[in-house]
Every structure is written in C-alpha cells, then in structure tokens.
file upload.cif (mmCIF, C-alpha atoms)
data_model
loop_
_atom_site.label_atom_id
_atom_site.label_comp_id
_atom_site.auth_asym_id
_atom_site.auth_seq_id
_atom_site.Cartn_x
_atom_site.Cartn_y
_atom_site.Cartn_z
CA MET C 216 6.38 -16.92 4.29
CA GLY C 217 5.11 -14.77 1.42
CA LEU C 218 2.96 -11.68 1.60
CA GLY C 219 -0.05 -13.59 0.36
CA GLU C 220 0.32 -16.08 3.21
CA LEU C 221 0.44 -13.32 5.83
CA HIS C 222 -2.68 -11.51 4.66
CA ASN C 223 -5.44 -12.26 2.22
CA LYS C 224 -5.23 -10.27 -0.97
CA HIS C 225 -8.32 -8.18 -1.43
CA LEU C 226 -9.65 -7.10 -4.81
CA GLU C 227 -13.09 -5.63 -5.30
CA GLU C 228 -14.96 -3.83 -8.01
CA HIS C 229 -17.00 -0.78 -7.17
CA TYR C 230 -19.54 0.95 -9.32
CA LYS C 231 -18.88 4.67 -9.08
CA GLU C 232 -20.09 7.44 -11.31
CA LYS C 233 -21.36 4.92 -13.88
CA ARG C 234 -17.86 3.40 -14.34
CA TRP C 235 -16.36 0.24 -12.93
CA ILE C 236 -13.31 0.97 -10.81
CA CYS C 237 -10.95 -1.66 -9.51
CA SER C 238 -10.05 -1.20 -5.86
CA VAL C 239 -7.05 -2.71 -4.06
CA ARG C 240 -7.57 -2.20 -0.31
CA SER C 241 -5.69 -2.96 2.85
CA GLN C 242 -7.40 -4.68 5.73
CA LEU C 243 -6.40 -6.70 8.76
CA THR C 244 -7.22 -10.34 8.26
CA LYS C 245 -5.47 -12.28 11.04
CA GLU C 246 -7.78 -13.83 13.60
CA GLY C 247 -7.66 -11.98 16.91
CA GLU C 248 -5.57 -9.10 15.58
CA ASP C 249 -6.35 -5.74 17.19
CA PRO C 250 -7.83 -3.52 14.47
CA ASP C 251 -6.20 -0.19 13.77
CA PRO C 252 -9.20 2.16 13.50
CA ALA C 253 -7.16 5.01 12.05
CA ALA C 254 -5.67 2.92 9.25
CA GLY C 255 -6.74 1.92 5.78
CA VAL C 256 -5.24 2.50 2.35
CA GLU C 257 -6.81 2.03 -1.07
CA ILE C 258 -5.70 2.23 -4.70
CA LEU C 259 -8.45 2.95 -7.23
CA LEU C 260 -7.73 1.92 -10.80
CA SER C 261 -9.55 2.64 -14.03
CA PRO C 262 -10.84 -0.34 -15.98
CA ARG C 263 -7.93 0.05 -18.40
CA MET C 264 -5.38 -0.15 -15.59
CA ALA C 265 -7.27 -2.93 -13.82
CA ASP C 266 -6.74 -5.08 -16.92
CA ARG C 267 -2.97 -4.64 -16.45
CA ILE C 268 -2.72 -5.95 -12.88
CA LEU C 269 0.05 -8.53 -12.50
CA GLU C 270 0.06 -8.65 -8.71
CA GLN C 271 -1.70 -6.85 -5.88
CA GLY C 272 -1.93 -7.00 -2.13
CA HIS C 273 -1.39 -5.35 1.22
CA ILE C 274 0.58 -5.63 4.43
CA GLY C 275 -1.80 -5.14 7.33
CA ALA C 276 -3.88 -1.98 7.19
CA ARG C 277 -1.03 0.44 6.50
CA ILE C 278 0.54 -0.60 3.16
CA VAL C 279 -1.13 -1.44 -0.14
CA TYR C 280 0.55 -2.22 -3.47
CA VAL C 281 -0.20 -3.14 -7.05
CA ARG C 282 2.10 -4.24 -9.88
CA LEU C 283 0.93 -3.22 -13.34
CA GLU C 284 2.09 -4.27 -16.77
CA GLY C 285 3.67 -1.22 -18.40
CA PRO C 286 4.63 -0.39 -21.98
CA ALA C 287 8.39 -0.11 -21.32
CA CYS C 288 8.66 -1.58 -17.83
CA ASN C 289 6.24 -2.83 -15.22
CA LEU C 290 5.05 -0.38 -12.56
CA PHE C 291 5.11 -1.24 -8.88
CA ILE C 292 2.88 1.24 -7.05
CA VAL C 293 3.00 1.21 -3.27
CA ILE C 294 1.11 3.45 -0.87
CA PRO C 295 2.02 3.40 2.81
CA TYR C 296 0.13 5.21 5.54
CA ILE C 297 2.84 5.87 8.13
CA PRO C 298 1.60 6.29 11.73
CA TYR C 299 2.23 9.69 13.29
CA ARG C 300 5.28 10.15 15.52
CA GLY C 301 3.43 10.50 18.84
CA ARG C 302 1.41 7.29 18.49
CA LYS C 303 1.11 5.41 21.82
CA ARG C 304 0.42 1.86 20.57
CA ALA C 305 1.50 -0.37 17.71
CA PRO C 306 1.88 -0.13 14.85
CA PHE C 307 4.51 2.57 15.18
CA ALA C 308 6.10 4.50 12.32
CA LYS C 309 9.34 2.49 12.46
CA ASP C 310 7.39 -0.79 12.21
CA THR C 311 5.54 0.34 9.09
CA ILE C 312 8.74 1.73 7.55
CA THR C 313 10.48 -1.62 8.20
CA GLN C 314 7.61 -3.44 6.47
CA LEU C 315 7.88 -1.00 3.56
CA HIS C 316 11.64 -1.62 3.23
CA GLU C 317 11.06 -5.39 3.27
CA LEU C 318 8.39 -5.10 0.58
CA LEU C 319 10.54 -2.87 -1.65
CA ALA C 320 13.41 -5.37 -1.37
CA THR C 321 11.19 -7.95 -3.13
CA VAL C 322 10.38 -5.76 -6.15
CA CYS C 323 11.76 -6.89 -9.50
CA LYS C 324 14.87 -4.84 -10.32
CA THR C 325 13.47 -3.88 -13.74
CA ASP C 326 10.19 -2.48 -12.36
CA CYS C 327 9.63 1.23 -11.97
CA ILE C 328 8.70 1.90 -8.33
CA ILE C 329 6.14 4.61 -7.63
CA LEU C 330 5.95 5.45 -3.93
CA MET C 331 3.22 7.75 -2.68
CA GLY C 332 1.24 7.97 0.49
CA ASP C 333 0.62 9.71 3.78
CA MET C 334 4.07 9.85 5.38
CA ASN C 335 2.97 11.84 8.46
CA CYS C 336 6.27 13.68 8.70
CA GLU C 337 7.91 17.02 8.18
CA LEU C 338 10.91 17.08 5.90
CA GLN C 339 13.74 19.22 7.18
CA ARG C 340 16.60 20.68 5.22
CA ASN C 341 20.28 20.05 5.83
CA VAL C 342 19.69 16.98 8.00
CA GLU C 343 22.13 14.05 7.92
CA ASN C 344 20.81 10.78 6.46
CA CYS C 345 17.73 12.44 5.10
#
call {"tool": "encode", "arguments": {"input": "upload.cif", "output": "structure tokens"}}
result
Amino acid sequence: MGLGELHNKHLEEHYKEKRWICSVRSQLTKEGEDPDPAAGVEILLSPRMADRILEQGHIGARIVYVRLEGPACNLFIVIPYIPYRGRKRAPFAKDTITQLHELLATVCKTDCIILMGDMNCELQRNVENC
C-alpha cells in the first residue's frame, strides 16, 4: 500500500502578503482516527518552487514531504514533528521515527534529502549510536 493510499495528499494555495504560496500540509484523514491535537506540519513554497513539485504528501499529522525538481538533482524535503519523550498516548516518538525511516527508504537514490523539523530531543555528546 502506497503513501497516497494511506492518506489523502493535501495541496492548497493560500493568499498571503499579496503573493500566492503553495502549502503542503499534514492532516489525519482516516475515518474514526483519533486526532492528535498537538500535531500538524506544513511546508510553504514560493510560486517558483511550487511549479517544481514532482510529488508531495504526508504521513498522518506528524510527517510532511515534498519532492522538487532541482537543477542538478531533485530535492526531497521532509519535515517530521517528533512527539516528546514523555508522551502518554500514541503516536510515540519511536512510531514517528519508524515512519520516517520507512519514508526515507523510498526516496530515489539520486535525490538530495533535506531533513528538518521539530525533533523534540536533546543531542548529547560522546553517546554510542548517536
């Protein structure tokens, strides 16, 4: 089952500051799914970049991505919003990280991956496997 079959892709145009901006947003779309009120991720693109969209979508309310045609290689931009460590109900950080790994495994090997987002973590120094 592909990403598009799991969740509807959502693409909207917003008028902001007298310029059209393309917005790729995450949102829960499955019937009966418990909404995650703290979640939501969005990528805003200029009209120039919006014209270069090859693919776009989201996984639930915590990961959004867009693939753009680039001059030397295509860009795959992904923004996760990782739940905080003390969260008491799903989705948990490890679930979102697993979804992120699965998504990144599908990216074309010649694309340049740009990963940015709210990771909700502290990076420590001199830690194994970090």
call {"tool": "atom_distance", "arguments": {"input": "upload.cif", "atom1": "CA of Ala320 in chain C", "atom2": "CA of Asp266 in chain C"}}
result
25.5 Å
call {"tool": "closest_residue", "arguments": {"input": "upload.cif", "among": "C:Leu330, C:Arg300, C:Thr325, C:Ile294", "to": "Ile274 in chain C", "atoms": "all atoms listed in the file"}}
result
C:Ile294
call {"tool": "closest_residue", "arguments": {"input": "upload.cif", "among": "C:Leu269, C:Val256, C:Met264, C:Val279", "to": "Leu318 in chain C", "atoms": "all atoms listed in the file"}}
result
C:Val279
call {"tool": "residues_around", "arguments": {"input": "upload.cif", "residues": "Thr313 in chain C", "least_positions_apart": "5", "cutoff": "12 Å", "atoms": "all atoms listed in the file", "output": "PDB file with C-alpha atoms, keeping the file's coordinate frame"}}
result
ATOM      1  CA  ILE C 274       0.580  -5.630   4.430  1.00  0.00           C
ATOM      2  CA  ARG C 277      -1.030   0.440   6.500  1.00  0.00           C
ATOM      3  CA  ILE C 278       0.540  -0.600   3.160  1.00  0.00           C
ATOM      4  CA  PRO C 295       2.020   3.400   2.810  1.00  0.00           C
ATOM      5  CA  ILE C 297       2.840   5.870   8.130  1.00  0.00           C
ATOM      6  CA  PRO C 306       1.880  -0.130  14.850  1.00  0.00           C
ATOM      7  CA  PHE C 307       4.510   2.570  15.180  1.00  0.00           C
ATOM      8  CA  ALA C 308       6.100   4.500  12.320  1.00  0.00           C
ATOM      9  CA  LEU C 318       8.390  -5.100   0.580  1.00  0.00           C
ATOM     10  CA  LEU C 319      10.540  -2.870  -1.650  1.00  0.00           C
ATOM     11  CA  ALA C 320      13.410  -5.370  -1.370  1.00  0.00           C
TER      12      ALA C 320
END
call {"tool": "residues_around", "arguments": {"input": "upload.cif", "residues": "Cys288 in chain C", "least_positions_apart": "5", "cutoff": "10 Å", "atoms": "only C-alpha atoms", "output": "PDB file with C-alpha atoms, in the frame of the given file"}}
result
ATOM      1  CA  LEU C 283       0.930  -3.220 -13.340  1.00  0.00           C
ATOM      2  CA  THR C 325      13.470  -3.880 -13.740  1.00  0.00           C
ATOM      3  CA  ASP C 326      10.190  -2.480 -12.360  1.00  0.00           C
ATOM      4  CA  CYS C 327       9.630   1.230 -11.970  1.00  0.00           C
TER       5      CYS C 327
END
call {"tool": "atom_distance", "arguments": {"input": "upload.cif", "atom1": "CA of Gly275 in chain C", "atom2": "CA of Asp310 in chain C"}}
result
11.3 Å
call {"tool": "build_atoms", "arguments": {"input": "upload.cif", "residues": "range 313-336 of chain C", "atoms": "N, CA and C atoms", "output": "PDB file, in the frame of the given file"}}
result
ATOM      1  N   THR C 313       9.766  -0.343   8.356  1.00  0.00           N
ATOM      2  CA  THR C 313      10.480  -1.620   8.200  1.00  0.00           C
ATOM      3  C   THR C 313       9.732  -2.530   7.241  1.00  0.00           C
ATOM      4  N   GLN C 314       8.413  -2.627   7.386  1.00  0.00           N
ATOM      5  CA  GLN C 314       7.610  -3.440   6.470  1.00  0.00           C
ATOM      6  C   GLN C 314       7.723  -2.923   5.037  1.00  0.00           C
ATOM      7  N   LEU C 315       7.746  -1.600   4.890  1.00  0.00           N
ATOM      8  CA  LEU C 315       7.880  -1.000   3.560  1.00  0.00           C
ATOM      9  C   LEU C 315       9.228  -1.354   2.944  1.00  0.00           C
ATOM     10  N   HIS C 316      10.301  -1.262   3.723  1.00  0.00           N
ATOM     11  CA  HIS C 316      11.640  -1.620   3.230  1.00  0.00           C
ATOM     12  C   HIS C 316      11.673  -3.091   2.797  1.00  0.00           C
ATOM     13  N   GLU C 317      11.083  -3.964   3.603  1.00  0.00           N
ATOM     14  CA  GLU C 317      11.060  -5.390   3.270  1.00  0.00           C
ATOM     15  C   GLU C 317      10.280  -5.645   1.981  1.00  0.00           C
ATOM     16  N   LEU C 318       9.163  -4.962   1.797  1.00  0.00           N
ATOM     17  CA  LEU C 318       8.390  -5.100   0.580  1.00  0.00           C
ATOM     18  C   LEU C 318       9.182  -4.609  -0.633  1.00  0.00           C
ATOM     19  N   LEU C 319       9.788  -3.436  -0.519  1.00  0.00           N
ATOM     20  CA  LEU C 319      10.540  -2.870  -1.650  1.00  0.00           C
ATOM     21  C   LEU C 319      11.735  -3.732  -2.030  1.00  0.00           C
ATOM     22  N   ALA C 320      12.287  -4.476  -1.079  1.00  0.00           N
ATOM     23  CA  ALA C 320      13.410  -5.370  -1.370  1.00  0.00           C
ATOM     24  C   ALA C 320      12.991  -6.542  -2.248  1.00  0.00           C
ATOM     25  N   THR C 321      11.690  -6.826  -2.328  1.00  0.00           N
ATOM     26  CA  THR C 321      11.190  -7.950  -3.130  1.00  0.00           C
ATOM     27  C   THR C 321      10.814  -7.543  -4.552  1.00  0.00           C
ATOM     28  N   VAL C 322      10.817  -6.247  -4.839  1.00  0.00           N
ATOM     29  CA  VAL C 322      10.380  -5.760  -6.150  1.00  0.00           C
ATOM     30  C   VAL C 322      11.404  -6.123  -7.216  1.00  0.00           C
ATOM     31  N   CYS C 323      10.906  -6.551  -8.361  1.00  0.00           N
ATOM     32  CA  CYS C 323      11.760  -6.890  -9.500  1.00  0.00           C
ATOM     33  C   CYS C 323      12.633  -5.680  -9.847  1.00  0.00           C
ATOM     34  N   LYS C 324      13.907  -5.932 -10.078  1.00  0.00           N
ATOM     35  CA  LYS C 324      14.870  -4.840 -10.320  1.00  0.00           C
ATOM     36  C   LYS C 324      14.571  -4.043 -11.592  1.00  0.00           C
ATOM     37  N   THR C 325      13.790  -4.600 -12.509  1.00  0.00           N
ATOM     38  CA  THR C 325      13.470  -3.880 -13.740  1.00  0.00           C
ATOM     39  C   THR C 325      12.161  -3.097 -13.649  1.00  0.00           C
ATOM     40  N   ASP C 326      11.443  -3.230 -12.545  1.00  0.00           N
ATOM     41  CA  ASP C 326      10.190  -2.480 -12.360  1.00  0.00           C
ATOM     42  C   ASP C 326      10.476  -1.030 -11.986  1.00  0.00           C
ATOM     43  N   CYS C 327       9.588  -0.175 -12.382  1.00  0.00           N
ATOM     44  CA  CYS C 327       9.630   1.230 -11.970  1.00  0.00           C
ATOM     45  C   CYS C 327       8.785   1.355 -10.708  1.00  0.00           C
ATOM     46  N   ILE C 328       9.405   1.778  -9.605  1.00  0.00           N
ATOM     47  CA  ILE C 328       8.700   1.900  -8.330  1.00  0.00           C
ATOM     48  C   ILE C 328       8.099   3.294  -8.207  1.00  0.00           C
ATOM     49  N   ILE C 329       6.823   3.342  -7.898  1.00  0.00           N
ATOM     50  CA  ILE C 329       6.140   4.610  -7.630  1.00  0.00           C
ATOM     51  C   ILE C 329       5.678   4.552  -6.178  1.00  0.00           C
ATOM     52  N   LEU C 330       6.256   5.406  -5.353  1.00  0.00           N
ATOM     53  CA  LEU C 330       5.950   5.450  -3.930  1.00  0.00           C
ATOM     54  C   LEU C 330       5.199   6.725  -3.632  1.00  0.00           C
ATOM     55  N   MET C 331       4.006   6.577  -3.069  1.00  0.00           N
ATOM     56  CA  MET C 331       3.220   7.750  -2.680  1.00  0.00           C
ATOM     57  C   MET C 331       2.400   7.356  -1.468  1.00  0.00           C
ATOM     58  N   GLY C 332       2.030   8.312  -0.664  1.00  0.00           N
ATOM     59  CA  GLY C 332       1.240   7.970   0.490  1.00  0.00           C
ATOM     60  C   GLY C 332       1.197   9.095   1.506  1.00  0.00           C
ATOM     61  N   ASP C 333       0.672   8.771   2.666  1.00  0.00           N
ATOM     62  CA  ASP C 333       0.620   9.710   3.780  1.00  0.00           C
ATOM     63  C   ASP C 333       1.782   9.363   4.693  1.00  0.00           C
ATOM     64  N   MET C 334       2.849  10.154   4.635  1.00  0.00           N
ATOM     65  CA  MET C 334       4.070   9.850   5.380  1.00  0.00           C
ATOM     66  C   MET C 334       4.044  10.411   6.803  1.00  0.00           C
ATOM     67  N   ASN C 335       3.094  11.273   7.115  1.00  0.00           N
ATOM     68  CA  ASN C 335       2.970  11.840   8.460  1.00  0.00           C
ATOM     69  C   ASN C 335       4.301  12.343   9.011  1.00  0.00           C
ATOM     70  N   CYS C 336       4.988  13.156   8.234  1.00  0.00           N
ATOM     71  CA  CYS C 336       6.270  13.680   8.700  1.00  0.00           C
ATOM     72  C   CYS C 336       6.512  15.062   8.104  1.00  0.00           C
TER      73      CYS C 336
END
